[in-house]
Amino acid sequence: MLFNNPLNYANIITGLIAIVVSFLILVKDIKAFLNILFSSSLFFWGISLLLNGLTFLFTEPTAGANLIRDFVTGSASVAAFLIFATAFSMFHGEHYLKKWYLFLPLIACTLVNTIIGSYFDSVVWDSEDGLPTTDGIKTTQAPWVMIFIYLIPTIVICLAIFFFIMTRKEVEDPLIKKRILYFILGFTFIVAGVLPYALGGIYEQIFSQESITLEYVGWIIAEAFWVVAPVLMLVGFYRGKIRKRYQEVLEDIS
């Protein structure tokens with residue numbers, strides 16, 4: 001798949017949206033630990049999407065293409081664990097995450113998953129025999145590597161969603177409940193986007209068949225979810241301000 005493809009542009013646009021949203025969240029309160037975690041998770045997620053599109057600027061499986069692909073996989077892995085750290089901190093408190101017996105295992109798991117996924121994820125010629133072709137390049141992984149690229153990050157994000165749900169059950173403030181609901185929906189949309197994207201790759205790797213239609217449908221569904229996800233989280237962060245501003249406008253009009 002060469003760069004001049006709508007899905008590559010969609011990846012770049014989606015990644016830029018996530019990165020912009022990450023900075024908007026950060027500037028809301030640059031000193032708040034949870035804001036830093038939220039912002040960092042979206043930033044790495046956005047970098048992964050952005051670089052995923054830029055990977056196909058290369059027409060040959062060069063060292064540069066493989067290096068960018070490593071950052072794509074690594075950034076997505078780091079983002080998943082940061083999402084978990086955010087939800088865990090919100091539920092248990094920031095001080096729990098700073099304890100060494102929680103902090104060190106989390107760092108170790110992040111590094112192991114990121115290194116394995118990045119190292120064994122590669123860029124190759126888009127051909128059955130592995131020889132140079134005018135079709136350009138594609139990414140490929142052994143089925144077991146997909147555990148580290150797709151399965152573990154998805155499980156980690158699902159655990160994060162669980163902690164968000166548990167936090168929402170405990171709080172009484174209606175505004176905070178609504179904000180957390182937006183976070184839950186946002187991260188759920190990320191998972192919902194990963195699933196069709198991963199299933200298309202798994203189908204191709206296991207059955208050694210490339211279905212262009214299946215691949216495109218999966219990518220389109222994934223991109224739709226990934227565009228909406230950061231927007232939902234941004235709305236969650238600014239939920240109170242948006243409502244207050246809306247009321248002020250109504251008062252000015254009246």
# chains A, B, ... in the order shown; residues from 1 in each chain; ligands from 1

$ residues_around --residues "stretch 5-7 of chain A" --least-positions-apart "5" --cutoff "8 Å" --atoms "only C-alpha atoms" --output "list in words"
Gly53, Trp219 and Ile220 of chain A

$ write_last_selection --atoms "N, CA and C atoms" --output "compact mmCIF listing (two decimals), in the first residue's frame"
# COMPACT_ATOMS: atom_id res chain seq x y z
N GLY A 53 0.65 6.47 9.28
CA GLY A 53 0.40 6.98 7.94
C GLY A 53 1.69 7.34 7.22
N TRP A 219 -10.29 -0.88 8.42
CA TRP A 219 -9.58 0.38 8.61
C TRP A 219 -10.56 1.55 8.71
N ILE A 220 -11.57 1.55 7.87
CA ILE A 220 -12.54 2.66 7.88
C ILE A 220 -13.29 2.70 9.22

$ select_by_dssp --residues "stretch 5-251 of chain A" --states "strand (DSSP E)" --output "list in words"
Ser122, Val123, Val124, Trp125, Ile137, Lys138, Thr139 and Thr140 of chain A

$ residues_around --residues "A:Leu82" --least-positions-apart "6" --cutoff "9 Å" --atoms "only C-alpha atoms" --output "list of chain:residue names"
A:Leu37, A:Phe38, A:Ser40, A:Ser41, A:Leu42, A:Phe44, A:Thr110

$ closest_atom_pairs --of "stretch 75-150 of chain A" --to "stretch 59-63 of chain A" --cutoff "12 Å" --atoms "only C-alpha atoms" --output "JSON lines"
{"residue": "A:Ser122", "atom": "CA", "partner": "A:Pro61", "partner_atom": "CA", "distance": 8.6}
{"residue": "A:Val123", "atom": "CA", "partner": "A:Pro61", "partner_atom": "CA", "distance": 5.4}
{"residue": "A:Val124", "atom": "CA", "partner": "A:Pro61", "partner_atom": "CA", "distance": 5.2}
{"residue": "A:Trp125", "atom": "CA", "partner": "A:Pro61", "partner_atom": "CA", "distance": 6.2}
{"residue": "A:Asp126", "atom": "CA", "partner": "A:Glu60", "partner_atom": "CA", "distance": 9.3}
{"residue": "A:Ser127", "atom": "CA", "partner": "A:Glu60", "partner_atom": "CA", "distance": 11.8}
{"residue": "A:Gly130", "atom": "CA", "partner": "A:Pro61", "partner_atom": "CA", "distance": 10.6}
{"residue": "A:Leu131", "atom": "CA", "partner": "A:Glu60", "partner_atom": "CA", "distance": 10.7}
{"residue": "A:Pro132", "atom": "CA", "partner": "A:Glu60", "partner_atom": "CA", "distance": 8.0}
{"residue": "A:Thr133", "atom": "CA", "partner": "A:Glu60", "partner_atom": "CA", "distance": 8.9}
{"residue": "A:Thr134", "atom": "CA", "partner": "A:Thr59", "partner_atom": "CA", "distance": 8.4}
{"residue": "A:Asp135", "atom": "CA", "partner": "A:Thr59", "partner_atom": "CA", "distance": 8.3}
{"residue": "A:Gly136", "atom": "CA", "partner": "A:Thr59", "partner_atom": "CA", "distance": 4.8}
{"residue": "A:Ile137", "atom": "CA", "partner": "A:Glu60", "partner_atom": "CA", "distance": 5.9}
{"residue": "A:Lys138", "atom": "CA", "partner": "A:Pro61", "partner_atom": "CA", "distance": 8.2}
{"residue": "A:Thr139", "atom": "CA", "partner": "A:Pro61", "partner_atom": "CA", "distance": 9.2}
{"residue": "A:Thr140", "atom": "CA", "partner": "A:Pro61", "partner_atom": "CA", "distance": 11.3}

$ atom_distance --atom1 "atom CA of A:Leu54" --atom2 "atom CA of A:Leu24"
23.8 Å

$ closest_atom_pairs --of "stretch 74-171 of chain A" --to "stretch 175-179 of chain A" --cutoff "12 Å" --atoms "only C-alpha atoms" --output "JSON lines"
{"residue": "A:Met90", "atom": "CA", "partner": "A:Ile176", "partner_atom": "CA", "distance": 11.7}
{"residue": "A:Phe164", "atom": "CA", "partner": "A:Lys177", "partner_atom": "CA", "distance": 10.0}
{"residue": "A:Ile165", "atom": "CA", "partner": "A:Lys177", "partner_atom": "CA", "distance": 9.6}
{"residue": "A:Met166", "atom": "CA", "partner": "A:Lys177", "partner_atom": "CA", "distance": 10.9}
{"residue": "A:Thr167", "atom": "CA", "partner": "A:Lys177", "partner_atom": "CA", "distance": 8.7}
{"residue": "A:Arg168", "atom": "CA", "partner": "A:Lys177", "partner_atom": "CA", "distance": 5.5}
{"residue": "A:Lys169", "atom": "CA", "partner": "A:Lys177", "partner_atom": "CA", "distance": 8.0}
{"residue": "A:Glu170", "atom": "CA", "partner": "A:Lys177", "partner_atom": "CA", "distance": 9.1}
{"residue": "A:Val171", "atom": "CA", "partner": "A:Lys177", "partner_atom": "CA", "distance": 6.7}

$ atom_distance --atom1 "atom CA of A:Ile30" --atom2 "atom CA of A:Ile180"
19.4 Å

$ closest_residue --among "A:Ile68, A:Leu159, A:Ile115, A:Met146" --to "A:Leu51" --atoms "only C-alpha atoms"
A:Ile68
